[in-house]
file start02.cif (mmCIF, C-alpha atoms)
data_target
loop_
_atom_site.group_PDB
_atom_site.id
_atom_site.type_symbol
_atom_site.label_atom_id
_atom_site.label_comp_id
_atom_site.auth_asym_id
_atom_site.auth_seq_id
_atom_site.Cartn_x
_atom_site.Cartn_y
_atom_site.Cartn_z
ATOM 1 C CA MET A 777 63.988 -16.239 -60.581
ATOM 2 C CA SER A 778 66.059 -15.536 -57.460
ATOM 3 C CA ALA A 779 65.059 -12.610 -55.279
ATOM 4 C CA LEU A 780 68.188 -10.728 -56.362
ATOM 5 C CA GLU A 781 66.910 -10.921 -59.943
ATOM 6 C CA HIS A 782 63.709 -9.075 -59.007
ATOM 7 C CA PRO A 783 63.517 -5.925 -61.208
ATOM 8 C CA GLY A 784 63.229 -3.549 -58.235
ATOM 9 C CA ILE A 785 66.246 -5.040 -56.471
ATOM 10 C CA ARG A 786 68.223 -5.166 -59.723
ATOM 11 C CA LYS A 787 67.640 -1.426 -60.344
ATOM 12 C CA VAL A 788 68.792 -0.600 -56.833
ATOM 13 C CA ALA A 789 71.883 -2.816 -57.207
ATOM 14 C CA GLN A 790 72.757 -1.020 -60.454
ATOM 15 C CA ALA A 791 72.493 2.360 -58.696
ATOM 16 C CA LEU A 792 74.796 1.315 -55.846
ATOM 17 C CA PRO A 793 78.579 1.019 -55.880
ATOM 18 C CA PRO A 794 79.450 -2.639 -56.649
ATOM 19 C CA ALA A 795 80.848 -3.301 -53.156
ATOM 20 C CA THR A 796 77.569 -2.103 -51.609
ATOM 21 C CA ALA A 797 75.373 -3.926 -54.131
ATOM 22 C CA GLU A 798 77.123 -7.176 -53.210
ATOM 23 C CA ARG A 799 75.929 -6.692 -49.630
ATOM 24 C CA ILE A 800 72.191 -6.604 -50.455
ATOM 25 C CA VAL A 801 70.442 -9.035 -48.144
ATOM 26 C CA VAL A 802 67.206 -10.777 -49.059
ATOM 27 C CA LEU A 803 65.236 -11.470 -45.902
ATOM 28 C CA PRO A 804 62.937 -14.472 -45.439
ATOM 29 C CA ASP A 805 60.101 -12.168 -44.334
ATOM 30 C CA ALA A 806 59.051 -8.712 -45.465
ATOM 31 C CA ALA A 807 60.494 -5.836 -43.451
ATOM 32 C CA ARG A 808 57.843 -3.199 -44.145
ATOM 33 C CA THR A 809 58.549 -1.274 -40.938
ATOM 34 C CA ALA A 810 61.720 0.057 -39.342
ATOM 35 C CA ALA A 811 61.156 -2.193 -36.327
ATOM 36 C CA ALA A 812 60.859 -5.294 -38.507
ATOM 37 C CA ALA A 813 63.951 -4.359 -40.507
ATOM 38 C CA ALA A 814 65.970 -3.651 -37.351
ATOM 39 C CA GLU A 815 64.997 -6.999 -35.865
ATOM 40 C CA ALA A 816 65.808 -8.827 -39.102
ATOM 41 C CA VAL A 817 69.344 -7.423 -39.391
ATOM 42 C CA GLY A 818 70.089 -7.122 -35.669
ATOM 43 C CA VAL A 819 70.510 -3.361 -35.263
ATOM 44 C CA GLN A 820 68.855 -0.572 -33.300
ATOM 45 C CA VAL A 821 65.731 0.822 -34.964
ATOM 46 C CA GLY A 822 67.473 4.210 -35.235
ATOM 47 C CA ALA A 823 69.989 2.663 -37.659
ATOM 48 C CA ILE A 824 67.237 1.982 -40.193
ATOM 49 C CA ALA A 825 66.851 4.597 -42.917
ATOM 50 C CA ASN A 826 63.122 4.818 -43.599
ATOM 51 C CA SER A 827 62.482 5.912 -47.186
ATOM 52 C CA LEU A 828 59.337 8.007 -47.026
ATOM 53 C CA LEU A 829 57.993 9.404 -50.267
ATOM 54 C CA PHE A 830 55.773 12.442 -49.863
ATOM 55 C CA ALA A 831 53.945 14.709 -52.269
ATOM 56 C CA ALA A 832 55.400 18.196 -51.809
ATOM 57 C CA VAL A 833 52.734 20.653 -52.955
ATOM 58 C CA ARG A 834 53.893 23.983 -54.361
ATOM 59 C CA ASP A 835 51.358 26.292 -56.024
ATOM 60 C CA GLY A 836 48.897 23.406 -56.289
ATOM 61 C CA VAL A 837 51.345 21.048 -58.027
ATOM 62 C CA ALA A 838 52.529 17.889 -56.254
ATOM 63 C CA ALA A 839 56.118 16.747 -56.774
ATOM 64 C CA PRO A 840 57.847 13.770 -55.171
ATOM 65 C CA LEU A 841 59.941 14.388 -52.072
ATOM 66 C CA LEU A 842 61.959 11.584 -50.507
ATOM 67 C CA VAL A 843 62.682 11.897 -46.802
ATOM 68 C CA LEU A 844 65.200 9.413 -45.424
ATOM 69 C CA THR A 845 64.534 9.412 -41.722
ATOM 70 C CA SER A 846 65.827 7.416 -38.811
ATOM 71 C CA GLY A 847 63.503 4.586 -37.890
ATOM 72 C CA ALA A 848 63.588 5.865 -34.303
ATOM 73 C CA HIS A 849 61.212 8.748 -35.013
ATOM 74 C CA ARG A 850 58.680 10.228 -37.402
ATOM 75 C CA ALA A 851 59.132 12.974 -39.964
ATOM 76 C CA ASP A 852 57.358 16.214 -39.069
ATOM 77 C CA THR A 853 55.580 17.137 -42.307
ATOM 78 C CA SER A 854 55.151 20.800 -41.316
ATOM 79 C CA LEU A 855 58.865 21.106 -40.628
ATOM 80 C CA VAL A 856 59.709 19.245 -43.834
ATOM 81 C CA ALA A 857 57.405 21.529 -45.856
ATOM 82 C CA GLU A 858 59.188 24.544 -44.423
ATOM 83 C CA LEU A 859 62.608 23.029 -45.216
ATOM 84 C CA VAL A 860 61.748 22.513 -48.890
ATOM 85 C CA GLY A 861 59.624 25.617 -49.407
ATOM 86 C CA ALA A 862 56.413 23.686 -50.021
ATOM 87 C CA ASP A 863 52.898 24.828 -49.214
ATOM 88 C CA ALA A 864 52.265 21.352 -47.790
ATOM 89 C CA VAL A 865 53.846 17.920 -47.616
ATOM 90 C CA LYS A 866 51.340 15.099 -47.836
ATOM 91 C CA ARG A 867 51.544 11.328 -47.574
ATOM 92 C CA ALA A 868 51.832 9.853 -51.066
ATOM 93 C CA ASP A 869 49.391 7.162 -52.147
ATOM 94 C CA PRO A 870 50.701 3.825 -53.478
ATOM 95 C CA GLU A 871 50.236 4.842 -57.127
ATOM 96 C CA PHE A 872 52.229 8.079 -56.645
ATOM 97 C CA VAL A 873 54.988 6.110 -54.888
ATOM 98 C CA ARG A 874 55.231 3.523 -57.666
ATOM 99 C CA GLU A 875 55.089 6.189 -60.400
ATOM 100 C CA HIS A 876 58.003 8.156 -58.970
ATOM 101 C CA THR A 877 60.161 5.389 -57.478
ATOM 102 C CA GLY A 878 59.266 2.298 -59.506
ATOM 103 C CA GLN A 879 58.993 0.557 -56.120
ATOM 104 C CA VAL A 880 56.272 -0.401 -53.656
ATOM 105 C CA ILE A 881 55.625 1.042 -50.211
ATOM 106 C CA GLY A 882 57.621 -1.001 -47.717
ATOM 107 C CA GLY A 883 60.463 -1.536 -50.172
ATOM 108 C CA VAL A 884 61.255 1.992 -51.357
ATOM 109 C CA SER A 885 64.993 2.420 -51.621
ATOM 110 C CA PRO A 886 66.907 5.688 -51.404
ATOM 111 C CA VAL A 887 68.198 4.963 -54.949
ATOM 112 C CA GLY A 888 67.224 3.215 -58.169
ATOM 113 C CA HIS A 889 64.347 5.490 -59.183
ATOM 114 C CA PRO A 890 63.355 6.342 -62.778
ATOM 115 C CA ALA A 891 64.450 9.984 -62.265
ATOM 116 C CA PRO A 892 66.210 11.948 -59.510
ATOM 117 C CA ILE A 893 63.981 12.856 -56.557
ATOM 118 C CA GLU A 894 64.494 15.798 -54.224
ATOM 119 C CA THR A 895 65.773 14.177 -51.030
ATOM 120 C CA LEU A 896 66.250 15.127 -47.394
ATOM 121 C CA VAL A 897 68.453 12.927 -45.202
ATOM 122 C CA ASP A 898 67.744 12.935 -41.470
ATOM 123 C CA GLU A 899 70.851 14.053 -39.607
ATOM 124 C CA ALA A 900 69.909 11.623 -36.793
ATOM 125 C CA LEU A 901 71.159 8.810 -39.056
ATOM 126 C CA SER A 902 74.690 10.217 -38.705
ATOM 127 C CA ALA A 903 74.809 8.818 -35.153
ATOM 128 C CA HIS A 904 75.157 5.292 -36.573
ATOM 129 C CA GLU A 905 78.339 3.864 -38.063
ATOM 130 C CA GLU A 906 76.298 1.597 -40.309
ATOM 131 C CA ILE A 907 72.731 2.166 -41.432
ATOM 132 C CA TRP A 908 70.390 -0.116 -43.350
ATOM 133 C CA ALA A 909 68.045 0.887 -46.152
ATOM 134 C CA ALA A 910 65.462 -0.867 -48.308
ATOM 135 C CA ALA A 911 66.718 -2.287 -51.583
ATOM 136 C CA GLY A 912 63.671 -1.894 -53.843
ATOM 137 C CA HIS A 913 61.580 -4.738 -52.415
ATOM 138 C CA PRO A 914 59.996 -5.355 -48.973
ATOM 139 C CA HIS A 915 62.295 -8.377 -48.470
ATOM 140 C CA ALA A 916 65.561 -6.660 -49.433
ATOM 141 C CA VAL A 917 67.882 -4.340 -47.500
ATOM 142 C CA TYR A 918 71.476 -3.181 -47.702
ATOM 143 C CA PRO A 919 73.994 -1.630 -45.323
ATOM 144 C CA THR A 920 75.606 1.712 -46.008
ATOM 145 C CA THR A 921 77.101 4.672 -44.204
ATOM 146 C CA PHE A 922 75.583 8.069 -43.591
ATOM 147 C CA ALA A 923 78.156 9.763 -45.844
ATOM 148 C CA ASP A 924 77.525 7.284 -48.666
ATOM 149 C CA LEU A 925 73.757 7.674 -48.308
ATOM 150 C CA VAL A 926 74.023 11.446 -48.621
ATOM 151 C CA ALA A 927 76.426 11.184 -51.578
ATOM 152 C CA LEU A 928 74.417 8.546 -53.458
ATOM 153 C CA THR A 929 71.109 10.365 -53.133
ATOM 154 C CA GLY A 930 72.405 13.892 -53.559
ATOM 155 C CA GLY A 931 70.279 14.564 -50.504
ATOM 156 C CA ARG A 932 70.383 17.535 -48.207
ATOM 157 C CA VAL A 933 71.084 16.788 -44.540
ATOM 158 C CA ALA A 934 68.412 18.212 -42.255
ATOM 159 C CA VAL A 935 66.587 17.787 -38.980
ATOM 160 C CA VAL A 936 63.272 16.303 -40.126
ATOM 161 C CA SER A 937 61.521 15.667 -36.825
ATOM 162 C CA SER A 938 60.623 17.956 -33.970
#
call {"tool": "encode", "arguments": {"input": "start02.cif", "output": "structure tokens"}}
result
Amino acid sequence: MSALEHPGIRKVAQALPPATAERIVVLPDAARTAAAAAEAVGVQVGAIANSLLFAAVRDGVAAPLLVLTSGAHRADTSLVAELVGADAVKRADPEFVREHTGQVIGGVSPVGHPAPIETLVDEALSAHEEIWAAAGHPHAVYPTTFADLVALTGGRVAVVSS
């Protein structure tokens, strides 16, 4: 089986426009961090869209929240909680991530999930003409634009770091 036939990558490819899906790159090494991904594709770390899945807790119930943040900084969970009206935003464990995205930590894509996920898109990503995101596997990435990322995810643009 080629890497592009991996189920996680295939689901992401199906969720992308064909022209974007054709640009999925399978890297020789895993790119589990923004720095590793930036080095692998030759861009600034700020041009990497980190897909961070959190558990947004409202009235004691945790729901998935995807925050697509620039690799140049960290999401401020207090600020994010305020933005989405949650009591708290907590780091999701690997089981929660897989349940809601169908993907593993380090390879979570902005798209290709079993069901839509509430999404915030870091406005800092708009500073880059081309941004790179994970493609459903730690070895796979794809290039996109800020506008396409927002449109594909149905995400809300926000400042997610202080």
call {"tool": "resolve_selection", "arguments": {"input": "start02.cif", "expression": "the PyMOL selection byres ((chain A and resi 821-837) around 7)", "output": "PyMOL selection string"}}
result
chain A and resi 810-811+814+819-820+838-848+862-868+873+884-886+901+904+906-909
call {"tool": "atom_distance", "arguments": {"input": "start02.cif", "atom1": "atom CA of Thr929 of chain A", "atom2": "atom CA of Gly888 of chain A"}}
result
9.6 Å
call {"tool": "resolve_selection", "arguments": {"input": "start02.cif", "expression": "the PyMOL selection byres ((chain A and resi 931) around 12)", "output": "list in words"}}
result
Leu841, Leu842, Val843, Leu844, Thr845, Val860, Pro886, Val887, Pro892, Ile893, Glu894, Thr895, Leu896, Val897, Asp898, Glu899, Phe922, Ala923, Asp924, Leu925, Val926, Ala927, Leu928, Thr929, Gly930, Arg932, Val933 and Ala934 of chain A
call {"tool": "closest_residue", "arguments": {"input": "start02.cif", "among": "A:Ala900, A:Ala789, A:Ala797, A:Ala916", "to": "Ala851 of chain A", "atoms": "all atoms listed in the file"}}
result
A:Ala900
call {"tool": "atom_distance", "arguments": {"input": "start02.cif", "atom1": "atom CA of Asp869 of chain A", "atom2": "atom CA of Val802 of chain A"}}
result
25.5 Å
call {"tool": "closest_residue", "arguments": {"input": "start02.cif", "among": "A:Phe872, A:Thr877, A:Gly883, A:Thr853", "to": "Val935 of chain A", "atoms": "only C-alpha atoms"}}
result
A:Thr853
call {"tool": "atom_distance", "arguments": {"input": "start02.cif", "atom1": "atom CA of Glu798 of chain A", "atom2": "atom CA of Ile785 of chain A"}}
result
11.6 Å
call {"tool": "closest_residue", "arguments": {"input": "start02.cif", "among": "A:Val917, A:Leu780, A:Ala795, A:Leu859", "to": "Thr809 of chain A", "atoms": "all atoms listed in the file"}}
result
A:Val917
call {"tool": "residues_around", "arguments": {"input": "start02.cif", "residues": "His782 of chain A", "least_positions_apart": "6", "cutoff": "12 Å", "atoms": "all atoms listed in the file", "output": "ChimeraX atom specification"}}
result
/A:788-789,802,879,911-916
call {"tool": "closest_residue", "arguments": {"input": "start02.cif", "among": "A:Tyr918, A:Glu905, A:Glu781, A:Arg874", "to": "Pro890 of chain A", "atoms": "all atoms listed in the file"}}
result
A:Arg874
call {"tool": "closest_residue", "arguments": {"input": "start02.cif", "among": "A:Ser854, A:Ser937, A:Gln790, A:Thr920", "to": "His889 of chain A", "atoms": "all atoms listed in the file"}}
result
A:Gln790
call {"tool": "axis_aligned_box", "arguments": {"input": "start02.cif", "around": "segment 862-881 of chain A", "padding_each_side": "5 Å", "output": "AutoDock Vina command-line options"}}
result
--center_x 54.8 --center_y 12.2 --center_z -54.0 --size_x 20.8 --size_y 35.2 --size_z 22.8
call {"tool": "closest_residue", "arguments": {"input": "start02.cif", "among": "A:Ser938, A:Pro870, A:Val880, A:Arg799", "to": "Leu855 of chain A", "atoms": "only C-alpha atoms"}}
result
A:Ser938
call {"tool": "build_atoms", "arguments": {"input": "start02.cif", "residues": "segment 867-878 of chain A", "atoms": "all heavy atoms", "output": "PDB file, in the coordinates of the input"}}
result
ATOM      1  N   ARG A 867      51.235  12.747 -47.368  1.00  0.00           N
ATOM      2  CA  ARG A 867      51.544  11.328 -47.574  1.00  0.00           C
ATOM      3  C   ARG A 867      51.179  10.953 -49.010  1.00  0.00           C
ATOM      4  O   ARG A 867      50.099  11.292 -49.489  1.00  0.00           O
ATOM      5  CB  ARG A 867      50.748  10.472 -46.596  1.00  0.00           C
ATOM      6  CG  ARG A 867      51.011   8.987 -46.739  1.00  0.00           C
ATOM      7  CD  ARG A 867      50.191   8.192 -45.747  1.00  0.00           C
ATOM      8  NE  ARG A 867      50.436   8.595 -44.379  1.00  0.00           N
ATOM      9  CZ  ARG A 867      51.326   8.016 -43.566  1.00  0.00           C
ATOM     10  NH1 ARG A 867      52.032   7.010 -44.012  1.00  0.00           N
ATOM     11  NH2 ARG A 867      51.474   8.436 -42.342  1.00  0.00           N
ATOM     12  N   ALA A 868      52.078  10.272 -49.684  1.00  0.00           N
ATOM     13  CA  ALA A 868      51.832   9.853 -51.066  1.00  0.00           C
ATOM     14  C   ALA A 868      51.038   8.547 -51.076  1.00  0.00           C
ATOM     15  O   ALA A 868      51.267   7.673 -50.237  1.00  0.00           O
ATOM     16  CB  ALA A 868      53.155   9.668 -51.796  1.00  0.00           C
ATOM     17  N   ASP A 869      50.128   8.415 -52.030  1.00  0.00           N
ATOM     18  CA  ASP A 869      49.391   7.162 -52.147  1.00  0.00           C
ATOM     19  C   ASP A 869      50.252   6.143 -52.907  1.00  0.00           C
ATOM     20  O   ASP A 869      51.257   6.498 -53.520  1.00  0.00           O
ATOM     21  CB  ASP A 869      48.027   7.379 -52.806  1.00  0.00           C
ATOM     22  CG  ASP A 869      48.097   7.850 -54.245  1.00  0.00           C
ATOM     23  OD1 ASP A 869      49.017   7.463 -54.998  1.00  0.00           O
ATOM     24  OD2 ASP A 869      47.195   8.609 -54.646  1.00  0.00           O
ATOM     25  N   PRO A 870      49.877   4.868 -52.856  1.00  0.00           N
ATOM     26  CA  PRO A 870      50.701   3.825 -53.478  1.00  0.00           C
ATOM     27  C   PRO A 870      50.984   4.051 -54.971  1.00  0.00           C
ATOM     28  O   PRO A 870      52.087   3.753 -55.442  1.00  0.00           O
ATOM     29  CB  PRO A 870      49.886   2.546 -53.265  1.00  0.00           C
ATOM     30  CG  PRO A 870      49.091   2.829 -52.023  1.00  0.00           C
ATOM     31  CD  PRO A 870      48.756   4.295 -52.102  1.00  0.00           C
ATOM     32  N   GLU A 871      50.027   4.604 -55.695  1.00  0.00           N
ATOM     33  CA  GLU A 871      50.236   4.842 -57.127  1.00  0.00           C
ATOM     34  C   GLU A 871      51.298   5.927 -57.354  1.00  0.00           C
ATOM     35  O   GLU A 871      52.140   5.810 -58.233  1.00  0.00           O
ATOM     36  CB  GLU A 871      48.918   5.237 -57.812  1.00  0.00           C
ATOM     37  CG  GLU A 871      47.876   4.131 -57.838  1.00  0.00           C
ATOM     38  CD  GLU A 871      47.132   3.980 -56.503  1.00  0.00           C
ATOM     39  OE1 GLU A 871      47.086   4.929 -55.680  1.00  0.00           O
ATOM     40  OE2 GLU A 871      46.615   2.874 -56.252  1.00  0.00           O
ATOM     41  N   PHE A 872      51.256   6.984 -56.556  1.00  0.00           N
ATOM     42  CA  PHE A 872      52.229   8.079 -56.645  1.00  0.00           C
ATOM     43  C   PHE A 872      53.625   7.541 -56.316  1.00  0.00           C
ATOM     44  O   PHE A 872      54.608   7.864 -56.992  1.00  0.00           O
ATOM     45  CB  PHE A 872      51.821   9.193 -55.677  1.00  0.00           C
ATOM     46  CG  PHE A 872      52.629  10.459 -55.789  1.00  0.00           C
ATOM     47  CD1 PHE A 872      52.250  11.465 -56.667  1.00  0.00           C
ATOM     48  CD2 PHE A 872      53.747  10.666 -54.998  1.00  0.00           C
ATOM     49  CE1 PHE A 872      52.969  12.650 -56.762  1.00  0.00           C
ATOM     50  CE2 PHE A 872      54.479  11.849 -55.079  1.00  0.00           C
ATOM     51  CZ  PHE A 872      54.090  12.840 -55.970  1.00  0.00           C
ATOM     52  N   VAL A 873      53.707   6.700 -55.276  1.00  0.00           N
ATOM     53  CA  VAL A 873      54.988   6.110 -54.888  1.00  0.00           C
ATOM     54  C   VAL A 873      55.554   5.274 -56.027  1.00  0.00           C
ATOM     55  O   VAL A 873      56.722   5.424 -56.411  1.00  0.00           O
ATOM     56  CB  VAL A 873      54.843   5.262 -53.601  1.00  0.00           C
ATOM     57  CG1 VAL A 873      56.120   4.486 -53.310  1.00  0.00           C
ATOM     58  CG2 VAL A 873      54.472   6.152 -52.415  1.00  0.00           C
ATOM     59  N   ARG A 874      54.747   4.394 -56.591  1.00  0.00           N
ATOM     60  CA  ARG A 874      55.231   3.523 -57.666  1.00  0.00           C
ATOM     61  C   ARG A 874      55.606   4.345 -58.908  1.00  0.00           C
ATOM     62  O   ARG A 874      56.609   4.074 -59.554  1.00  0.00           O
ATOM     63  CB  ARG A 874      54.205   2.463 -58.036  1.00  0.00           C
ATOM     64  CG  ARG A 874      54.780   1.479 -59.076  1.00  0.00           C
ATOM     65  CD  ARG A 874      53.862   0.348 -59.423  1.00  0.00           C
ATOM     66  NE  ARG A 874      53.739  -0.681 -58.438  1.00  0.00           N
ATOM     67  CZ  ARG A 874      54.623  -1.639 -58.215  1.00  0.00           C
ATOM     68  NH1 ARG A 874      55.747  -1.674 -58.885  1.00  0.00           N
ATOM     69  NH2 ARG A 874      54.392  -2.575 -57.328  1.00  0.00           N
ATOM     70  N   GLU A 875      54.805   5.355 -59.231  1.00  0.00           N
ATOM     71  CA  GLU A 875      55.089   6.189 -60.400  1.00  0.00           C
ATOM     72  C   GLU A 875      56.461   6.858 -60.297  1.00  0.00           C
ATOM     73  O   GLU A 875      57.210   6.910 -61.261  1.00  0.00           O
ATOM     74  CB  GLU A 875      54.002   7.261 -60.547  1.00  0.00           C
ATOM     75  CG  GLU A 875      54.279   8.266 -61.651  1.00  0.00           C
ATOM     76  CD  GLU A 875      53.285   9.427 -61.667  1.00  0.00           C
ATOM     77  OE1 GLU A 875      52.270   9.384 -60.928  1.00  0.00           O
ATOM     78  OE2 GLU A 875      53.537  10.377 -62.422  1.00  0.00           O
ATOM     79  N   HIS A 876      56.778   7.369 -59.115  1.00  0.00           N
ATOM     80  CA  HIS A 876      58.003   8.156 -58.970  1.00  0.00           C
ATOM     81  C   HIS A 876      59.232   7.367 -58.526  1.00  0.00           C
ATOM     82  O   HIS A 876      60.354   7.831 -58.730  1.00  0.00           O
ATOM     83  CB  HIS A 876      57.756   9.331 -58.032  1.00  0.00           C
ATOM     84  CG  HIS A 876      56.807  10.323 -58.624  1.00  0.00           C
ATOM     85  ND1 HIS A 876      57.171  11.180 -59.638  1.00  0.00           N
ATOM     86  CD2 HIS A 876      55.500  10.552 -58.380  1.00  0.00           C
ATOM     87  CE1 HIS A 876      56.127  11.910 -59.982  1.00  0.00           C
ATOM     88  NE2 HIS A 876      55.102  11.545 -59.240  1.00  0.00           N
ATOM     89  N   THR A 877      59.016   6.183 -57.924  1.00  0.00           N
ATOM     90  CA  THR A 877      60.161   5.389 -57.478  1.00  0.00           C
ATOM     91  C   THR A 877      60.326   4.097 -58.261  1.00  0.00           C
ATOM     92  O   THR A 877      61.397   3.519 -58.265  1.00  0.00           O
ATOM     93  CB  THR A 877      60.055   5.028 -55.982  1.00  0.00           C
ATOM     94  OG1 THR A 877      58.972   4.113 -55.795  1.00  0.00           O
ATOM     95  CG2 THR A 877      59.899   6.262 -55.117  1.00  0.00           C
ATOM     96  N   GLY A 878      59.227   3.610 -58.862  1.00  0.00           N
ATOM     97  CA  GLY A 878      59.266   2.298 -59.506  1.00  0.00           C
ATOM     98  C   GLY A 878      59.224   1.183 -58.474  1.00  0.00           C
ATOM     99  O   GLY A 878      59.431   0.017 -58.804  1.00  0.00           O
TER     100      GLY A 878
END
